[in-house]
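**Student:** For reference, the file upload.csv (CSV, C-alpha atoms) is included below:
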```csv
chain,number,residue,atom,x,y,z
A,1,MET,CA,-24.8,4.0,-19.6
A,2,LYS,CA,-25.7,7.6,-19.4
A,3,ALA,CA,-28.1,6.9,-16.5
A,4,ARG,CA,-25.4,5.0,-14.7
A,5,ALA,CA,-23.0,8.0,-15.1
A,6,VAL,CA,-25.7,10.3,-13.7
A,7,TRP,CA,-26.4,8.1,-10.7
A,8,GLY,CA,-22.6,7.9,-10.1
A,9,ALA,CA,-22.2,11.6,-10.1
A,10,ALA,CA,-25.2,12.0,-7.8
A,11,TRP,CA,-23.8,9.6,-5.3
A,12,LYS,CA,-20.5,11.4,-5.3
A,13,ALA,CA,-22.1,14.7,-4.8
A,14,LEU,CA,-24.3,13.4,-2.0
A,15,LEU,CA,-21.3,11.9,-0.2
A,16,LEU,CA,-19.3,15.1,-0.5
A,17,LEU,CA,-22.1,17.3,0.6
A,18,THR,CA,-22.8,15.0,3.6
A,19,ALA,CA,-19.2,15.1,4.7
A,20,THR,CA,-19.0,18.9,4.3
A,21,LEU,CA,-22.2,19.3,6.3
A,22,LEU,CA,-20.9,17.1,9.1
A,23,PHE,CA,-17.7,19.1,9.3
A,24,LEU,CA,-19.7,22.3,9.5
A,25,LEU,CA,-22.0,21.1,12.2
A,26,PHE,CA,-19.5,19.3,14.4
A,27,PRO,CA,-16.1,20.9,13.7
A,28,ALA,CA,-14.6,20.0,17.1
A,29,ARG,CA,-15.5,16.3,16.9
A,30,TYR,CA,-14.0,15.8,13.4
A,31,ALA,CA,-11.1,18.1,14.0
A,32,LYS,CA,-10.2,15.7,16.8
A,33,SER,CA,-10.4,12.8,14.3
A,34,VAL,CA,-8.0,14.6,12.0
A,35,ARG,CA,-5.6,15.2,14.9
A,36,ASP,CA,-5.7,11.5,15.8
A,37,GLY,CA,-4.8,10.7,12.2
A,38,ILE,CA,-2.0,13.2,12.1
A,39,SER,CA,-0.8,11.9,15.4
A,40,LEU,CA,-0.6,8.3,14.0
A,41,TRP,CA,1.2,9.6,10.9
A,42,ALA,CA,3.7,11.6,13.0
A,43,VAL,CA,4.4,8.9,15.5
A,44,SER,CA,4.3,5.7,13.4
A,45,VAL,CA,4.6,6.6,9.7
A,46,LEU,CA,6.7,9.8,9.3
A,47,PRO,CA,9.8,8.5,11.2
A,48,ALA,CA,10.1,5.4,9.1
A,49,THR,CA,8.7,6.6,5.8
A,50,LEU,CA,10.5,9.9,5.2
A,51,PRO,CA,14.1,8.5,5.4
A,52,PHE,CA,13.2,5.6,3.1
A,53,LEU,CA,11.5,7.9,0.6
A,54,PHE,CA,14.6,10.2,0.5
A,55,LEU,CA,17.2,7.4,0.5
A,56,THR,CA,15.5,5.3,-2.2
A,57,THR,CA,15.2,8.3,-4.4
A,58,LEU,CA,19.0,8.8,-4.2
A,59,LEU,CA,19.7,5.1,-4.3
A,60,THR,CA,18.1,4.6,-7.7
A,61,GLU,CA,20.5,7.3,-9.1
A,62,LEU,CA,23.7,5.4,-8.1
A,63,ASP,CA,25.7,3.4,-10.5
A,64,LEU,CA,25.7,0.7,-7.8
A,65,PHE,CA,21.9,0.4,-8.2
A,66,LYS,CA,22.3,-0.2,-11.9
A,67,LYS,CA,25.0,-2.8,-11.3
A,68,VAL,CA,22.9,-4.7,-8.7
A,69,THR,CA,19.9,-4.8,-11.0
A,70,LYS,CA,22.0,-6.8,-13.4
A,71,LEU,CA,22.2,-9.5,-10.7
A,72,PHE,CA,18.5,-9.5,-10.2
A,73,ALA,CA,17.6,-9.5,-13.9
A,74,PRO,CA,17.8,-13.3,-14.6
A,75,PRO,CA,15.7,-14.5,-11.7
A,76,ALA,CA,13.3,-11.5,-12.2
A,77,ARG,CA,12.8,-12.5,-15.9
A,78,GLY,CA,12.3,-16.2,-14.9
A,79,LEU,CA,9.9,-15.7,-12.0
A,80,PHE,CA,7.9,-12.6,-12.9
A,81,ARG,CA,8.9,-11.6,-16.4
A,82,ILE,CA,10.1,-8.2,-15.3
A,83,SER,CA,13.4,-6.5,-15.5
A,84,GLY,CA,16.1,-6.2,-12.9
A,85,GLU,CA,15.0,-2.6,-12.2
A,86,GLY,CA,11.5,-3.9,-11.5
A,87,ALA,CA,12.8,-6.6,-9.2
A,88,MET,CA,14.8,-3.9,-7.2
A,89,ALA,CA,11.7,-1.8,-6.9
A,90,GLY,CA,9.9,-4.8,-5.5
A,91,LEU,CA,12.7,-5.5,-3.0
A,92,LEU,CA,12.7,-1.8,-1.9
A,93,SER,CA,9.0,-2.0,-1.3
A,94,MET,CA,9.2,-5.3,0.7
A,95,THR,CA,11.9,-3.8,3.0
A,96,SER,CA,10.6,-0.2,3.2
A,97,GLY,CA,6.8,-0.6,2.8
A,98,TYR,CA,4.2,1.5,1.1
A,99,PRO,CA,4.2,4.1,-0.3
A,100,VAL,CA,7.9,3.7,-1.0
A,101,GLY,CA,7.3,1.0,-3.6
A,102,ALA,CA,4.7,2.9,-5.5
A,103,LYS,CA,6.8,6.0,-5.6
A,104,THR,CA,9.9,4.1,-6.7
A,105,VAL,CA,8.1,2.4,-9.5
A,106,SER,CA,6.5,5.6,-10.7
A,107,GLU,CA,9.9,7.4,-10.8
A,108,LEU,CA,11.7,4.6,-12.5
A,109,ALA,CA,8.9,4.3,-15.1
A,110,LEU,CA,8.9,8.1,-15.8
A,111,ARG,CA,12.6,8.0,-16.3
A,112,GLY,CA,12.3,5.1,-18.8
A,113,ARG,CA,14.0,2.5,-16.6
A,114,ILE,CA,10.9,0.3,-16.3
A,115,SER,CA,9.2,-0.5,-19.6
A,116,GLU,CA,5.6,0.1,-20.5
A,117,GLU,CA,4.9,-3.6,-21.0
A,118,GLU,CA,6.1,-4.6,-17.5
A,119,LYS,CA,5.1,-1.7,-15.4
A,120,PHE,CA,1.7,-3.2,-14.2
A,121,ARG,CA,3.4,-6.4,-13.0
A,122,VAL,CA,6.1,-4.4,-11.3
A,123,VAL,CA,3.4,-2.3,-9.6
A,124,CYS,CA,1.6,-5.4,-8.3
A,125,LEU,CA,4.9,-6.7,-6.9
A,126,SER,CA,6.0,-3.3,-5.4
A,127,THR,CA,3.0,-2.2,-3.4
A,128,THR,CA,3.7,-4.0,-0.1
A,129,SER,CA,4.1,-3.3,3.5
A,130,GLY,CA,7.4,-3.7,5.3
A,131,PRO,CA,8.7,-5.5,8.4
A,132,ALA,CA,8.9,-2.3,10.5
A,133,PHE,CA,5.1,-1.9,10.3
A,134,LEU,CA,4.0,-5.5,10.4
A,135,VAL,CA,6.4,-6.8,13.0
A,136,GLY,CA,7.1,-3.6,15.0
A,137,VAL,CA,3.6,-1.9,14.9
A,138,VAL,CA,1.0,-4.6,14.2
A,139,GLY,CA,2.7,-7.7,15.7
A,140,SER,CA,4.6,-6.4,18.7
A,141,GLY,CA,2.4,-3.3,19.3
A,142,MET,CA,-1.1,-4.4,18.6
A,143,PHE,CA,-1.1,-8.2,19.0
A,144,LEU,CA,1.7,-8.1,21.6
A,145,SER,CA,3.5,-10.9,19.7
A,146,PRO,CA,6.4,-10.5,17.3
A,147,ALA,CA,5.6,-14.0,16.1
A,148,VAL,CA,2.2,-12.7,14.8
A,149,GLY,CA,4.1,-9.9,13.0
A,150,TRP,CA,6.4,-12.4,11.2
A,151,ILE,CA,3.4,-14.6,10.3
A,152,LEU,CA,1.7,-11.5,8.8
A,153,TYR,CA,4.9,-10.4,6.9
A,154,LEU,CA,5.6,-13.9,5.5
A,155,SER,CA,2.0,-14.5,4.4
A,156,HIS,CA,1.8,-11.0,3.0
A,157,LEU,CA,4.9,-11.6,0.8
A,158,LEU,CA,3.8,-15.0,-0.3
A,159,GLY,CA,0.4,-13.8,-1.3
A,160,VAL,CA,1.9,-10.9,-3.3
A,161,GLY,CA,4.6,-13.1,-4.8
A,162,LEU,CA,2.3,-15.9,-5.8
A,163,VAL,CA,-0.1,-13.7,-7.7
A,164,CYS,CA,2.8,-11.9,-9.4
A,165,PHE,CA,4.2,-15.2,-10.5
A,166,LEU,CA,0.9,-16.1,-12.0
A,167,LEU,CA,0.8,-12.8,-13.8
A,168,ARG,CA,3.9,-13.8,-15.7
A,169,PHE,CA,1.8,-16.1,-17.8
A,170,THR,CA,-0.1,-13.1,-19.2
A,171,ALA,CA,3.1,-11.4,-20.5
A,172,LYS,CA,5.7,-11.9,-23.1
A,173,PRO,CA,9.2,-12.9,-22.1
A,174,VAL,CA,11.3,-9.9,-21.1
A,175,ALA,CA,14.3,-9.6,-23.4
A,176,VAL,CA,17.7,-8.8,-22.2
A,177,ARG,CA,18.2,-5.2,-23.1
A,178,PRO,CA,20.5,-2.3,-22.3
A,179,TYR,CA,19.5,0.3,-19.9
A,180,LEU,CA,17.0,2.7,-21.5
A,181,GLN,CA,18.0,6.3,-22.1
A,182,GLU,CA,16.6,8.4,-19.3
A,183,ALA,CA,14.3,11.1,-20.3
A,184,SER,CA,15.3,13.6,-17.6
A,185,PRO,CA,18.6,14.6,-15.9
A,186,PRO,CA,19.6,13.0,-12.6
A,187,VAL,CA,17.7,14.0,-9.4
A,188,THR,CA,19.6,16.5,-7.2
A,189,LEU,CA,19.9,16.3,-3.5
A,190,GLY,CA,17.4,19.2,-3.0
A,191,GLU,CA,14.9,17.6,-5.4
A,192,ALA,CA,15.1,14.3,-3.6
A,193,LEU,CA,14.5,16.0,-0.3
A,194,SER,CA,11.6,18.2,-1.4
A,195,GLY,CA,10.0,15.4,-3.3
A,196,SER,CA,10.2,13.1,-0.3
A,197,VAL,CA,8.8,15.7,2.0
A,198,LEU,CA,5.8,16.3,-0.4
A,199,SER,CA,5.2,12.6,-0.7
A,200,VAL,CA,5.2,11.9,3.0
A,201,LEU,CA,2.8,14.9,3.5
A,202,THR,CA,0.5,13.4,0.9
A,203,VAL,CA,0.5,10.2,3.0
A,204,GLY,CA,-0.2,12.1,6.2
A,205,GLY,CA,-3.1,14.0,4.6
A,206,ALA,CA,-4.7,10.8,3.4
A,207,ILE,CA,-4.5,9.2,6.9
A,208,ALA,CA,-5.9,12.3,8.6
A,209,ILE,CA,-8.8,12.6,6.1
A,210,PHE,CA,-9.8,8.9,6.3
A,211,TYR,CA,-9.6,9.0,10.0
A,212,ALA,CA,-12.3,11.7,10.0
A,213,PHE,CA,-14.4,9.8,7.3
A,214,GLY,CA,-14.3,6.7,9.5
A,215,GLN,CA,-15.6,8.6,12.5
A,216,MET,CA,-18.4,10.1,10.3
A,217,ILE,CA,-19.4,6.7,9.1
A,218,ALA,CA,-19.5,5.4,12.7
A,219,ASP,CA,-21.5,8.5,13.8
A,220,MET,CA,-24.1,7.8,11.1
A,221,GLY,CA,-24.8,4.4,12.5
A,222,ALA,CA,-23.1,2.3,9.9
A,223,PHE,CA,-21.5,0.0,12.4
A,224,PHE,CA,-24.4,-0.4,14.8
A,225,SER,CA,-25.4,-4.0,15.5
A,226,LEU,CA,-22.4,-5.4,13.5
A,227,PRO,CA,-20.5,-8.2,15.1
A,228,PRO,CA,-17.1,-7.0,16.4
A,229,LEU,CA,-15.2,-9.0,13.8
A,230,ILE,CA,-17.2,-7.7,10.9
A,231,GLU,CA,-17.0,-4.1,12.2
A,232,ALA,CA,-13.2,-4.5,12.4
A,233,VAL,CA,-13.0,-5.6,8.8
A,234,VAL,CA,-15.3,-2.9,7.5
A,235,ARG,CA,-13.4,-0.2,9.4
A,236,GLY,CA,-10.1,-1.8,8.1
A,237,LEU,CA,-11.4,-1.6,4.5
A,238,LEU,CA,-11.6,2.2,5.0
A,239,GLU,CA,-8.4,2.7,7.1
A,240,MET,CA,-6.3,-0.5,7.5
A,241,THR,CA,-4.5,0.4,10.7
A,242,THR,CA,-7.7,0.9,12.6
A,243,GLY,CA,-9.0,-2.5,11.4
A,244,CYS,CA,-5.8,-4.2,12.5
A,245,ALA,CA,-6.0,-2.6,15.9
A,246,LEU,CA,-9.6,-3.8,16.4
A,247,LEU,CA,-8.7,-7.3,15.2
A,248,ALA,CA,-5.8,-7.4,17.7
A,249,LYS,CA,-8.4,-7.1,20.6
A,250,MET,CA,-9.8,-10.4,19.5
A,251,PRO,CA,-6.7,-12.5,19.0
A,252,SER,CA,-7.3,-15.8,17.1
A,253,ALA,CA,-6.2,-17.5,13.9
A,254,LEU,CA,-9.2,-15.9,12.1
A,255,SER,CA,-8.4,-12.4,13.2
A,256,ILE,CA,-4.7,-12.8,12.2
A,257,ALA,CA,-5.9,-14.0,8.7
A,258,LEU,CA,-8.3,-11.1,8.4
A,259,CYS,CA,-5.5,-8.7,9.4
A,260,ALA,CA,-3.3,-10.3,6.7
A,261,PHE,CA,-6.0,-9.6,4.1
A,262,LEU,CA,-6.3,-5.9,5.2
A,263,VAL,CA,-2.6,-5.3,5.2
A,264,THR,CA,-2.2,-6.9,1.8
A,265,PHE,CA,-5.2,-5.2,0.2
A,266,GLY,CA,-4.3,-2.0,1.9
A,267,GLY,CA,-7.7,-0.4,2.7
A,268,LEU,CA,-9.0,2.7,0.9
A,269,CYS,CA,-6.6,5.0,2.7
A,270,VAL,CA,-3.5,3.1,1.6
A,271,LEU,CA,-4.9,2.5,-1.9
A,272,VAL,CA,-5.5,6.2,-2.4
A,273,GLN,CA,-1.9,6.9,-1.3
A,274,GLN,CA,-0.5,4.4,-3.8
A,275,LEU,CA,-2.8,5.4,-6.7
A,276,THR,CA,-1.8,9.1,-6.1
A,277,PHE,CA,1.8,8.1,-7.1
A,278,LEU,CA,0.7,5.5,-9.7
A,279,SER,CA,-1.6,7.9,-11.5
A,280,ARG,CA,1.5,9.6,-13.0
A,281,ILE,CA,2.2,6.4,-15.0
A,282,HIS,CA,-1.4,5.6,-15.8
A,283,ILE,CA,-1.9,2.4,-13.9
A,284,PRO,CA,-5.6,1.4,-14.3
A,285,ALA,CA,-7.3,1.5,-10.9
A,286,LEU,CA,-9.8,-1.4,-11.3
A,287,PRO,CA,-7.4,-4.1,-12.4
A,288,PHE,CA,-5.0,-3.0,-9.7
A,289,LEU,CA,-7.7,-3.2,-7.0
A,290,LEU,CA,-8.7,-6.7,-8.2
A,291,ILE,CA,-5.1,-7.9,-8.0
A,292,LYS,CA,-4.6,-6.5,-4.5
A,293,ALA,CA,-7.9,-8.2,-3.4
A,294,LEU,CA,-6.6,-11.5,-4.8
A,295,GLN,CA,-3.3,-11.1,-3.1
A,296,GLY,CA,-5.0,-10.3,0.1
A,297,ALA,CA,-7.2,-13.4,-0.1
A,298,ILE,CA,-4.2,-15.7,-0.6
A,299,ALA,CA,-2.3,-14.0,2.2
A,300,ALA,CA,-5.2,-14.5,4.5
A,301,GLY,CA,-5.4,-18.2,3.7
A,302,ILE,CA,-1.6,-18.6,4.3
A,303,ALA,CA,-1.8,-16.6,7.6
A,304,TYR,CA,-4.7,-18.7,8.9
A,305,GLY,CA,-2.7,-21.9,8.3
A,306,LEU,CA,0.5,-20.6,9.8
A,307,ALA,CA,-1.4,-19.2,12.9
A,308,LEU,CA,-3.0,-22.6,13.5
A,309,LEU,CA,0.3,-24.3,13.3
A,310,LEU,CA,2.5,-21.9,15.2
A,311,ILE,CA,0.4,-20.1,17.8
```
Take the structure in this file and express it as structure tokens.
**Tutor:**
Amino acid sequence: MKARAVWGAAWKALLLLTATLLFLLFPARYAKSVRDGISLWAVSVLPATLPFLFLTTLLTELDLFKKVTKLFAPPARGLFRISGEGAMAGLLSMTSGYPVGAKTVSELALRGRISEEEKFRVVCLSTTSGPAFLVGVVGSGMFLSPAVGWILYLSHLLGVGLVCFLLRFTAKPVAVRPYLQEASPPVTLGEALSGSVLSVLTVGGAIAIFYAFGQMIADMGAFFSLPPLIEAVVRGLLEMTTGCALLAKMPSALSIALCAFLVTFGGLCVLVQQLTFLSRIHIPALPFLLIKALQGAIAAGIAYGLALLLI
């Protein structure tokens, strides 16, 4: 066990030193990769994500939010064994996309409105993409087909929902309970704005850094001689948007299925964004990654079938 820890530390040190050396030797090349990542964030992510982060932070403070969660409570308990608040976090994620869901779950859990027992299941339900990205960016923009975007979105939600339904059998029934006493005062307008800006900057930083890492890996020959389809998946596991863009250049039922897997799993860049928020509520990383991989595999199978039938 001690030897494994030593080897793990050695690999981390080697990777960090290699990345640092490459930045020092070729600053212009990798600065361009960082700019490309920032450009993607500024054009595609920032305009959609920042308003949703700000609005959802304020929305969860409204009395209306608490009233609506009562309507969601019975089906949420029956389907996923989670509370109405957990179901609303999932709905916000499915309409707004990541990282809105992860941030919403984290804030609700910290304020005592999602219980300790249910929070992992809520997280698995609330770390999704949204229709603006899948239909607008991936479907219409990359595959040049809104129909592909809707196939991806539907299979994505079905993959996530089916696994979360199965997780209900690992949990105790959620009792009907009054709203928990919040441990902190309501969020002010200024706090909501500053928190949303910091969150979206975190997302932008992750995208920019992983764009540069992807270019480094390519420069070191990691993708040489790989078939284009495999290269697209490998790149997508690092940065999901890049993988989807490459798959869109080879349109087929298989490429749509692989794109569904990447979008649902998230890729390392998206996972780091989500885990940044979820670390505040101590979500274990390995079980979370395994669940996302399973959701991605199921979404890929559904997307493959739908693509064969509809396209």
**Student:** What does the distance from CA of Pro284 (chain A) to CA of Met240 (chain A) come to in Å, to one decimal?
**Tutor:**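 We find that CA of Pro284 (chain A) and CA of Met240 (chain A) lie 21.9 Å from each other.
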**Student:** Counting only C-alpha atoms, figure out which residue out of A:Val100, A:Leu15, A:Ala89, A:Ala297 gets nearest to Val200 (chain A).
**Tutor:**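 Of the candidates, the smallest distance to Val200 (chain A) is held by A:Val100.
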**Student:** Between A:Ala171, A:Ala248, A:Ala232, A:Val272, which one has atoms that come closest to Ala218 (chain A), using only C-alpha atoms?
**Tutor:**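 Going through A:Ala171, A:Ala248, A:Ala232, A:Val272 one by one, the smallest distance to Ala218 (chain A) is for A:Ala232.
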**Student:** Would you kindly return, as a CSV table (one decimal) with C-alpha atoms, in the coordinates of the input, each protein, DNA or RNA residue with an atom no farther than 9 Å from any atom of region 132-137 of chain A, considering all atoms listed in the file and excluding same-chain residues fewer than 4 positions away?
**Tutor:**
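As a result, part-v2.csv now contains:
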```csv
chain,number,residue,atom,x,y,z
A,44,SER,CA,4.3,5.7,13.4
A,45,VAL,CA,4.6,6.6,9.7
A,48,ALA,CA,10.1,5.4,9.1
A,95,THR,CA,11.9,-3.8,3.0
A,96,SER,CA,10.6,-0.2,3.2
A,97,GLY,CA,6.8,-0.6,2.8
A,141,GLY,CA,2.4,-3.3,19.3
A,142,MET,CA,-1.1,-4.4,18.6
A,143,PHE,CA,-1.1,-8.2,19.0
A,145,SER,CA,3.5,-10.9,19.7
A,146,PRO,CA,6.4,-10.5,17.3
A,147,ALA,CA,5.6,-14.0,16.1
A,148,VAL,CA,2.2,-12.7,14.8
A,149,GLY,CA,4.1,-9.9,13.0
A,150,TRP,CA,6.4,-12.4,11.2
A,151,ILE,CA,3.4,-14.6,10.3
A,152,LEU,CA,1.7,-11.5,8.8
A,153,TYR,CA,4.9,-10.4,6.9
A,263,VAL,CA,-2.6,-5.3,5.2
```
**Student:** Can you work out the spacing between CA of Leu50 (chain A) and CA of Ala299 (chain A) in Å, to one decimal?
**Tutor:**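 Separating CA of Leu50 (chain A) from CA of Ala299 (chain A) is a distance of 27.3 Å.
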**Student:** Rank A:Trp11, A:Thr57, A:Gly161, A:Phe23 by their smallest atom-to-atom distance to Leu193 (chain A), using all atoms listed in the file, and report the top residue only.
**Tutor:**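 Counting all atoms listed in the file, the residue closest to Leu193 (chain A) is A:Thr57.
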**Student:** Tell me which of A:Val138, A:Ala102, A:Val233, A:Ile302 sits closest to Ser279 (chain A), counting only C-alpha atoms.
**Tutor:**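 When distances to Ser279 (chain A) are compared using only C-alpha atoms, the smallest one comes from A:Ala102.
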**Student:** Might you pull out every residue within 8 Å of Arg168 (chain A), with all atoms listed in the file counted and same-chain residues fewer than 2 positions away left off, and present them as a VMD selection string?
**Tutor:** chain A and resid 79 to 81 121 164 to 166 170 to 172
**Student:** Closest to Phe120 (chain A) among A:Ile291, A:Leu58, A:Ala10, A:Leu308, using all atoms listed in the file?
**Tutor:**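 Smallest distance to Phe120 (chain A) is found for A:Ile291.
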**Student:** Find the spatial neighbours of Phe288 (chain A), counting all atoms listed in the file, within a cut-off of 10 Å - ignore same-chain residues fewer than 4 positions away - and output them as a VMD selection string.
**Tutor:** chain A and resid 120 to 121 123 to 124 271 275 283 to 284 292 to 294
**Student:** Which polymer residues have any atom within 7 Å of an atom of Ile82 (chain A), counting all atoms listed in the file, with same-chain residues fewer than 4 positions away left out, as a VMD selection string?
**Tutor:** chain A and resid 76 to 77 86 to 87 118 122 174
